[in-house]
>>> print(open('data_15.cif').read())   # mmCIF, N, CA and C atoms and all ligand atoms
data_target
loop_
_atom_site.label_atom_id
_atom_site.label_comp_id
_atom_site.auth_asym_id
_atom_site.auth_seq_id
_atom_site.Cartn_x
_atom_site.Cartn_y
_atom_site.Cartn_z
N MET A 1 62.92 -28.56 35.19
CA MET A 1 63.34 -27.16 35.25
C MET A 1 62.70 -26.36 34.13
N LYS A 2 62.06 -25.28 34.49
CA LYS A 2 61.40 -24.48 33.46
C LYS A 2 62.31 -23.35 33.00
N ARG A 3 62.25 -23.10 31.72
CA ARG A 3 63.09 -22.05 31.16
C ARG A 3 62.38 -20.71 31.24
N LYS A 4 63.17 -19.71 31.60
CA LYS A 4 62.62 -18.37 31.66
C LYS A 4 62.63 -17.75 30.27
N ARG A 5 61.63 -16.91 30.05
CA ARG A 5 61.56 -16.22 28.76
C ARG A 5 61.45 -14.73 28.98
N THR A 6 61.74 -13.98 27.93
CA THR A 6 61.60 -12.53 28.03
C THR A 6 60.25 -12.13 27.45
N CYS A 7 59.49 -11.33 28.18
CA CYS A 7 58.20 -10.89 27.69
C CYS A 7 58.39 -10.00 26.47
N ARG A 8 57.58 -10.23 25.48
CA ARG A 8 57.72 -9.46 24.25
C ARG A 8 57.29 -8.00 24.45
N HIS A 9 56.51 -7.77 25.49
CA HIS A 9 56.03 -6.40 25.69
C HIS A 9 56.87 -5.63 26.71
N CYS A 10 57.01 -6.19 27.93
CA CYS A 10 57.74 -5.45 28.97
C CYS A 10 59.19 -5.89 29.12
N HIS A 11 59.56 -6.93 28.41
CA HIS A 11 60.93 -7.44 28.38
C HIS A 11 61.40 -7.94 29.74
N ARG A 12 60.47 -8.25 30.63
CA ARG A 12 60.86 -8.88 31.89
C ARG A 12 60.92 -10.38 31.68
N LEU A 13 61.72 -10.99 32.54
CA LEU A 13 61.80 -12.45 32.49
C LEU A 13 60.58 -13.04 33.16
N PHE A 14 60.08 -14.09 32.60
CA PHE A 14 58.95 -14.77 33.23
C PHE A 14 59.04 -16.25 32.91
N ILE A 15 58.31 -17.03 33.70
CA ILE A 15 58.28 -18.47 33.45
C ILE A 15 56.96 -18.80 32.77
N PRO A 16 57.01 -19.36 31.58
CA PRO A 16 55.78 -19.68 30.87
C PRO A 16 54.89 -20.61 31.67
N VAL A 17 53.63 -20.26 31.81
CA VAL A 17 52.71 -21.06 32.60
C VAL A 17 51.88 -21.95 31.70
N HIS A 18 51.25 -21.33 30.71
CA HIS A 18 50.27 -22.07 29.89
C HIS A 18 50.94 -22.95 28.84
N ASN A 19 51.88 -22.36 28.12
CA ASN A 19 52.61 -23.21 27.17
C ASN A 19 54.01 -22.66 26.99
N PRO A 20 54.92 -23.53 26.58
CA PRO A 20 56.33 -23.14 26.48
C PRO A 20 56.57 -22.06 25.43
N GLN A 21 55.62 -21.90 24.51
CA GLN A 21 55.77 -20.91 23.45
C GLN A 21 55.30 -19.52 23.88
N GLN A 22 54.82 -19.42 25.08
CA GLN A 22 54.27 -18.16 25.57
C GLN A 22 55.26 -17.02 25.39
N GLN A 23 54.77 -15.89 24.87
CA GLN A 23 55.68 -14.80 24.55
C GLN A 23 55.47 -13.58 25.41
N PHE A 24 54.40 -13.58 26.21
CA PHE A 24 54.11 -12.43 27.07
C PHE A 24 53.98 -12.91 28.51
N CYS A 25 54.39 -12.08 29.44
CA CYS A 25 54.27 -12.45 30.84
C CYS A 25 52.81 -12.35 31.27
N SER A 26 52.54 -12.66 32.52
CA SER A 26 51.13 -12.75 32.92
C SER A 26 50.56 -11.42 33.41
N ARG A 27 51.35 -10.36 33.38
CA ARG A 27 50.82 -9.06 33.79
C ARG A 27 49.67 -8.67 32.85
N SER A 28 48.66 -8.07 33.43
CA SER A 28 47.45 -7.84 32.63
C SER A 28 47.73 -6.92 31.45
N LYS A 29 48.64 -5.95 31.65
CA LYS A 29 48.99 -5.04 30.56
C LYS A 29 49.53 -5.83 29.37
N CYS A 30 50.44 -6.74 29.68
CA CYS A 30 51.07 -7.52 28.61
C CYS A 30 50.07 -8.49 27.99
N GLN A 31 49.20 -9.02 28.83
CA GLN A 31 48.19 -9.93 28.31
C GLN A 31 47.23 -9.20 27.37
N ASN A 32 46.92 -7.94 27.72
CA ASN A 32 46.06 -7.16 26.83
C ASN A 32 46.73 -6.95 25.47
N VAL A 33 48.03 -6.63 25.54
CA VAL A 33 48.77 -6.45 24.29
C VAL A 33 48.74 -7.74 23.48
N ARG A 34 48.95 -8.85 24.20
CA ARG A 34 48.95 -10.15 23.51
C ARG A 34 47.60 -10.41 22.85
N LYS A 35 46.54 -10.11 23.61
CA LYS A 35 45.21 -10.39 23.07
C LYS A 35 44.91 -9.54 21.85
N SER A 36 45.26 -8.26 21.94
CA SER A 36 44.94 -7.41 20.79
C SER A 36 45.81 -7.80 19.58
N ALA A 37 47.06 -8.20 19.86
CA ALA A 37 47.92 -8.65 18.77
C ALA A 37 47.32 -9.90 18.13
N TRP A 38 46.84 -10.77 19.00
CA TRP A 38 46.24 -12.02 18.50
C TRP A 38 45.00 -11.73 17.67
N ARG A 39 44.19 -10.76 18.16
CA ARG A 39 42.98 -10.40 17.43
C ARG A 39 43.33 -9.85 16.04
N ARG A 40 44.34 -8.96 16.04
CA ARG A 40 44.76 -8.39 14.76
C ARG A 40 45.19 -9.50 13.80
N GLU A 41 46.02 -10.40 14.36
CA GLU A 41 46.55 -11.49 13.55
C GLU A 41 45.42 -12.38 13.01
N LYS A 42 44.49 -12.67 13.93
CA LYS A 42 43.37 -13.53 13.55
C LYS A 42 42.52 -12.86 12.48
N HIS A 43 42.29 -11.56 12.70
CA HIS A 43 41.48 -10.83 11.74
C HIS A 43 42.13 -10.87 10.35
N LYS A 44 43.46 -10.68 10.35
CA LYS A 44 44.20 -10.70 9.10
C LYS A 44 44.08 -12.07 8.43
N ARG A 45 44.30 -13.11 9.28
CA ARG A 45 44.19 -14.47 8.75
C ARG A 45 42.80 -14.74 8.21
N ASP A 46 41.81 -14.28 9.00
CA ASP A 46 40.43 -14.53 8.60
C ASP A 46 40.10 -13.86 7.28
N SER A 47 40.58 -12.63 7.13
CA SER A 47 40.23 -11.94 5.88
C SER A 47 40.95 -12.57 4.70
N ASP A 48 42.21 -13.02 4.95
CA ASP A 48 42.91 -13.76 3.90
C ASP A 48 42.13 -15.01 3.53
N TYR A 49 41.69 -15.69 4.59
CA TYR A 49 40.96 -16.93 4.41
C TYR A 49 39.68 -16.69 3.63
N ARG A 50 38.97 -15.63 4.06
CA ARG A 50 37.71 -15.31 3.38
C ARG A 50 37.95 -14.98 1.91
N GLU A 51 39.02 -14.22 1.68
CA GLU A 51 39.32 -13.86 0.30
C GLU A 51 39.58 -15.09 -0.56
N ASN A 52 40.40 -15.99 0.01
CA ASN A 52 40.68 -17.23 -0.71
C ASN A 52 39.41 -18.01 -0.99
N GLN A 53 38.59 -18.09 0.07
CA GLN A 53 37.33 -18.82 -0.08
C GLN A 53 36.50 -18.21 -1.20
N ASN A 54 36.42 -16.88 -1.17
CA ASN A 54 35.63 -16.20 -2.20
C ASN A 54 36.16 -16.49 -3.59
N GLN A 55 37.50 -16.45 -3.69
CA GLN A 55 38.08 -16.72 -4.99
C GLN A 55 37.77 -18.14 -5.45
N ASN A 56 37.94 -19.07 -4.52
CA ASN A 56 37.65 -20.46 -4.86
C ASN A 56 36.20 -20.62 -5.27
N GLN A 57 35.34 -19.99 -4.48
CA GLN A 57 33.91 -20.07 -4.77
C GLN A 57 33.61 -19.51 -6.15
N ALA A 58 34.19 -18.35 -6.41
CA ALA A 58 33.94 -17.70 -7.69
C ALA A 58 34.40 -18.59 -8.84
N CYS A 59 35.57 -19.22 -8.62
CA CYS A 59 36.13 -20.07 -9.65
C CYS A 59 35.24 -21.29 -9.88
N LYS A 60 34.82 -21.91 -8.77
CA LYS A 60 33.94 -23.08 -8.87
C LYS A 60 32.64 -22.71 -9.55
N TRP A 61 32.12 -21.58 -9.09
CA TRP A 61 30.84 -21.12 -9.62
C TRP A 61 30.95 -20.87 -11.11
N TRP A 62 32.06 -20.25 -11.49
CA TRP A 62 32.25 -19.93 -12.89
C TRP A 62 32.35 -21.20 -13.73
N ARG A 63 33.09 -22.17 -13.22
CA ARG A 63 33.25 -23.42 -13.96
C ARG A 63 31.92 -24.15 -14.08
N LYS A 64 31.15 -24.04 -12.97
CA LYS A 64 29.85 -24.70 -12.98
C LYS A 64 28.95 -24.05 -14.02
N LYS A 65 29.07 -22.74 -14.09
CA LYS A 65 28.22 -21.99 -15.02
C LYS A 65 28.66 -22.17 -16.46
N ASN A 66 29.96 -22.49 -16.65
CA ASN A 66 30.48 -22.58 -18.02
C ASN A 66 31.08 -23.94 -18.35
N PRO A 67 30.32 -25.01 -18.16
CA PRO A 67 30.91 -26.33 -18.43
C PRO A 67 31.26 -26.49 -19.90
N GLU A 68 30.51 -25.82 -20.73
CA GLU A 68 30.75 -25.91 -22.16
C GLU A 68 32.11 -25.34 -22.53
N TYR A 69 32.46 -24.28 -21.82
CA TYR A 69 33.75 -23.66 -22.12
C TYR A 69 34.86 -24.67 -21.91
N TRP A 70 34.83 -25.40 -20.79
CA TRP A 70 35.90 -26.33 -20.48
C TRP A 70 35.91 -27.50 -21.45
N LYS A 71 34.72 -27.96 -21.79
CA LYS A 71 34.66 -29.04 -22.78
C LYS A 71 35.29 -28.57 -24.08
N HIS A 72 34.88 -27.37 -24.45
CA HIS A 72 35.36 -26.81 -25.70
C HIS A 72 36.87 -26.61 -25.63
N TYR A 73 37.32 -26.08 -24.49
CA TYR A 73 38.74 -25.80 -24.30
C TYR A 73 39.56 -27.08 -24.43
N ARG A 74 39.11 -28.12 -23.71
CA ARG A 74 39.86 -29.38 -23.74
C ARG A 74 39.85 -29.98 -25.13
N ALA A 75 38.71 -29.87 -25.77
CA ALA A 75 38.58 -30.50 -27.09
C ALA A 75 39.43 -29.77 -28.12
N THR A 76 39.57 -28.46 -27.94
CA THR A 76 40.23 -27.69 -29.00
C THR A 76 41.66 -27.30 -28.66
N HIS A 77 42.05 -27.42 -27.39
CA HIS A 77 43.31 -26.82 -27.01
C HIS A 77 44.49 -27.44 -27.74
N SER A 78 44.62 -28.77 -27.71
CA SER A 78 45.84 -29.33 -28.27
C SER A 78 45.88 -29.22 -29.80
N PRO A 79 44.77 -29.47 -30.50
CA PRO A 79 44.84 -29.23 -31.95
C PRO A 79 45.16 -27.78 -32.27
N TYR A 80 44.64 -26.89 -31.44
CA TYR A 80 44.87 -25.48 -31.68
C TYR A 80 46.36 -25.15 -31.60
N THR A 81 47.01 -25.63 -30.53
CA THR A 81 48.44 -25.33 -30.39
C THR A 81 49.24 -26.02 -31.48
N GLU A 82 48.82 -27.23 -31.80
CA GLU A 82 49.51 -27.93 -32.89
C GLU A 82 49.44 -27.10 -34.16
N GLY A 83 48.27 -26.63 -34.45
CA GLY A 83 48.07 -25.83 -35.66
C GLY A 83 48.94 -24.59 -35.62
N ASN A 84 48.99 -23.99 -34.47
CA ASN A 84 49.80 -22.78 -34.30
C ASN A 84 51.27 -23.06 -34.59
N ARG A 85 51.74 -24.15 -34.01
CA ARG A 85 53.13 -24.52 -34.20
C ARG A 85 53.41 -24.78 -35.67
N TYR A 86 52.45 -25.45 -36.29
CA TYR A 86 52.63 -25.79 -37.69
C TYR A 86 52.74 -24.52 -38.51
N LYS A 87 51.85 -23.56 -38.24
CA LYS A 87 51.86 -22.30 -38.98
C LYS A 87 53.19 -21.58 -38.77
N GLN A 88 53.65 -21.59 -37.51
CA GLN A 88 54.90 -20.92 -37.20
C GLN A 88 56.04 -21.54 -38.00
N ARG A 89 56.02 -22.86 -38.04
CA ARG A 89 57.07 -23.57 -38.75
C ARG A 89 57.03 -23.19 -40.22
N GLN A 90 55.82 -23.13 -40.75
CA GLN A 90 55.65 -22.77 -42.15
C GLN A 90 56.25 -21.40 -42.41
N ARG A 91 55.94 -20.45 -41.51
CA ARG A 91 56.43 -19.08 -41.68
C ARG A 91 57.96 -19.07 -41.65
N LYS A 92 58.52 -19.77 -40.67
CA LYS A 92 59.97 -19.79 -40.51
C LYS A 92 60.63 -20.40 -41.73
N GLN A 93 60.04 -21.48 -42.18
CA GLN A 93 60.58 -22.17 -43.34
C GLN A 93 60.64 -21.23 -44.52
N ALA A 94 59.56 -20.53 -44.77
CA ALA A 94 59.49 -19.61 -45.90
C ALA A 94 60.59 -18.58 -45.77
N PHE A 95 60.82 -18.13 -44.55
CA PHE A 95 61.82 -17.11 -44.29
C PHE A 95 63.23 -17.62 -44.56
N TYR A 96 63.54 -18.81 -44.11
CA TYR A 96 64.92 -19.30 -44.22
C TYR A 96 65.26 -19.82 -45.59
N LYS A 97 64.27 -20.29 -46.26
CA LYS A 97 64.54 -20.81 -47.59
C LYS A 97 65.11 -19.72 -48.48
N GLY A 98 64.55 -18.52 -48.32
CA GLY A 98 64.95 -17.45 -49.23
C GLY A 98 64.46 -17.78 -50.62
N PRO A 99 65.13 -17.26 -51.62
CA PRO A 99 64.68 -17.47 -52.99
C PRO A 99 64.77 -18.93 -53.41
N GLU A 100 65.83 -19.61 -52.98
CA GLU A 100 65.93 -21.04 -53.30
C GLU A 100 66.74 -21.71 -52.19
N PRO A 101 66.41 -22.95 -51.85
CA PRO A 101 67.14 -23.62 -50.76
C PRO A 101 68.59 -23.85 -51.14
N PRO A 102 69.53 -23.59 -50.23
CA PRO A 102 70.95 -23.74 -50.54
C PRO A 102 71.29 -25.17 -50.91
N HIS A 103 70.61 -26.11 -50.29
CA HIS A 103 70.87 -27.52 -50.53
C HIS A 103 69.58 -28.28 -50.26
N PRO A 104 69.18 -29.18 -51.15
CA PRO A 104 67.91 -29.90 -50.93
C PRO A 104 67.88 -30.63 -49.60
N ASN A 105 68.98 -31.27 -49.21
CA ASN A 105 69.02 -31.99 -47.94
C ASN A 105 68.86 -31.05 -46.76
N LYS A 106 69.51 -29.92 -46.86
CA LYS A 106 69.43 -28.94 -45.78
C LYS A 106 68.01 -28.43 -45.62
N ALA A 107 67.33 -28.23 -46.74
CA ALA A 107 65.96 -27.70 -46.69
C ALA A 107 65.06 -28.65 -45.90
N THR A 108 65.20 -29.95 -46.12
CA THR A 108 64.36 -30.90 -45.39
C THR A 108 64.75 -30.94 -43.92
N GLN A 109 66.04 -30.74 -43.66
CA GLN A 109 66.47 -30.69 -42.26
C GLN A 109 65.79 -29.52 -41.56
N PHE A 110 65.73 -28.40 -42.22
CA PHE A 110 65.09 -27.22 -41.63
C PHE A 110 63.65 -27.52 -41.28
N ALA A 111 62.99 -28.27 -42.16
CA ALA A 111 61.58 -28.55 -41.92
C ALA A 111 61.39 -29.49 -40.74
N ASN A 112 62.36 -30.37 -40.52
CA ASN A 112 62.15 -31.40 -39.50
C ASN A 112 62.76 -31.09 -38.14
N SER A 113 63.68 -30.14 -38.09
CA SER A 113 64.36 -29.92 -36.81
C SER A 113 64.04 -28.54 -36.25
N ASP A 114 63.28 -28.53 -35.16
CA ASP A 114 62.95 -27.28 -34.49
C ASP A 114 64.20 -26.61 -33.93
N ALA A 115 65.10 -27.42 -33.39
CA ALA A 115 66.30 -26.89 -32.76
C ALA A 115 67.11 -26.09 -33.76
N LEU A 116 67.22 -26.66 -34.93
CA LEU A 116 68.00 -26.00 -35.97
C LEU A 116 67.36 -24.68 -36.35
N ILE A 117 66.04 -24.68 -36.48
CA ILE A 117 65.32 -23.46 -36.85
C ILE A 117 65.52 -22.38 -35.80
N VAL A 118 65.43 -22.76 -34.56
CA VAL A 118 65.57 -21.79 -33.48
C VAL A 118 66.96 -21.18 -33.50
N LYS A 119 67.96 -22.03 -33.70
CA LYS A 119 69.33 -21.56 -33.70
C LYS A 119 69.56 -20.56 -34.83
N ILE A 120 69.03 -20.88 -35.96
CA ILE A 120 69.28 -20.05 -37.14
C ILE A 120 68.53 -18.73 -37.07
N SER A 121 67.49 -18.67 -36.27
CA SER A 121 66.69 -17.45 -36.23
C SER A 121 67.47 -16.26 -35.67
N PHE A 122 68.66 -16.49 -35.10
CA PHE A 122 69.43 -15.38 -34.55
C PHE A 122 70.39 -14.76 -35.56
N ILE A 123 70.44 -15.33 -36.74
CA ILE A 123 71.32 -14.77 -37.77
C ILE A 123 70.79 -13.40 -38.18
N PRO A 124 71.64 -12.37 -38.21
CA PRO A 124 71.20 -11.02 -38.57
C PRO A 124 70.62 -10.96 -39.98
N LYS A 125 69.88 -9.89 -40.24
CA LYS A 125 69.12 -9.77 -41.48
C LYS A 125 69.96 -9.93 -42.73
N GLY A 126 71.13 -9.33 -42.74
CA GLY A 126 71.95 -9.34 -43.94
C GLY A 126 72.43 -10.73 -44.32
N CYS A 127 72.36 -11.67 -43.42
CA CYS A 127 72.93 -12.99 -43.65
C CYS A 127 71.88 -14.04 -43.98
N GLN A 128 70.69 -13.61 -44.31
CA GLN A 128 69.60 -14.56 -44.51
C GLN A 128 69.86 -15.56 -45.63
N GLN A 129 70.52 -15.11 -46.66
CA GLN A 129 70.39 -15.83 -47.92
C GLN A 129 71.34 -17.03 -48.04
N ARG A 130 72.61 -16.80 -48.02
CA ARG A 130 73.52 -17.91 -48.24
C ARG A 130 74.74 -17.80 -47.32
N GLY A 131 75.34 -18.95 -47.07
CA GLY A 131 76.52 -18.98 -46.21
C GLY A 131 77.64 -18.14 -46.76
N GLU A 132 77.86 -18.14 -48.05
CA GLU A 132 78.99 -17.42 -48.65
C GLU A 132 78.83 -15.92 -48.43
N VAL A 133 77.59 -15.45 -48.62
CA VAL A 133 77.30 -14.04 -48.44
C VAL A 133 77.63 -13.62 -47.02
N CYS A 134 77.26 -14.47 -46.10
CA CYS A 134 77.48 -14.20 -44.69
C CYS A 134 78.98 -14.04 -44.40
N LYS A 135 79.76 -14.94 -44.93
CA LYS A 135 81.21 -14.88 -44.72
C LYS A 135 81.78 -13.53 -45.20
N HIS A 136 81.30 -13.12 -46.40
CA HIS A 136 81.84 -11.88 -46.96
C HIS A 136 81.45 -10.67 -46.12
N THR A 137 80.23 -10.65 -45.62
CA THR A 137 79.79 -9.46 -44.91
C THR A 137 80.37 -9.38 -43.51
N THR A 138 80.63 -10.51 -42.89
CA THR A 138 81.10 -10.44 -41.50
C THR A 138 82.61 -10.31 -41.39
N LEU A 139 83.36 -10.79 -42.42
CA LEU A 139 84.83 -10.69 -42.32
C LEU A 139 85.35 -9.38 -42.87
ZN ZN B 201 55.20 -8.50 30.20
#
>>> encode(input="data_15.cif", output="structure tokens")
Amino acid sequence: MKRKRTCRHCHRLFIPVHNPQQQFCSRSKCQNVRKSAWRREKHKRDSDYRENQNQNQACKWWRKKNPEYWKHYRATHSPYTEGNRYKQRQRKQAFYKGPEPPHPNKATQFANSDALIVKISFIPKGCQQRGEVCKHTTL
């Protein structure tokens, strides 16, 4: 038993002949609509496809033209970020220490624990220096 479908164009019921997914009836008017819709869709897909291809090509071409860049990038990337992190840590440390570290043990903790540094970075400006000062200003 074949299932009837509604034509997407004329909304009449029809029995799909060519494939069960058929969305238009066999009237020539509806078939023309289907064909032009298909052409539009194909054209859209094709231009998307072409664009992608072009981008891929450009990317490949660029990499081919700049092999040194990638070698250089790979060779330098991780030391570079490491260095950056180190510098950041140095800056943060200088900031939190203030004039003198509140406690020698705490100072080394600050240097070794990123989590602690990140947490402390949210303390408002007035509270930079010492815990006692902070208590007085906030209460
Ligand atoms: Zn139709």
>>> atom_distance(input="data_15.cif", atom1="atom N of Trp70 of chain A", atom2="atom CA of Tyr49 of chain A")
27.3 Å
>>> atom_distance(input="data_15.cif", atom1="atom C of Gln23 of chain A", atom2="atom N of His43 of chain A")
18.4 Å
>>> closest_residue(input="data_15.cif", among="A:Ala58, A:Ile15, A:Cys25, A:Val33", to="ligand ZN 201 (chain B)", atoms="only C-alpha atoms and all ligand atoms")
A:Cys25
>>> residues_near_ligand(input="data_15.cif", ligand="ligand ZN 201 (chain B)", cutoff="6.5 Å", atoms="only N, CA and C atoms and all ligand atoms", output="PyMOL selection string")
chain A and resi 7-12+24-27+29-31
>>> atom_distance(input="data_15.cif", atom1="atom C of Ala75 of chain A", atom2="atom N of Asn56 of chain A")
26.0 Å
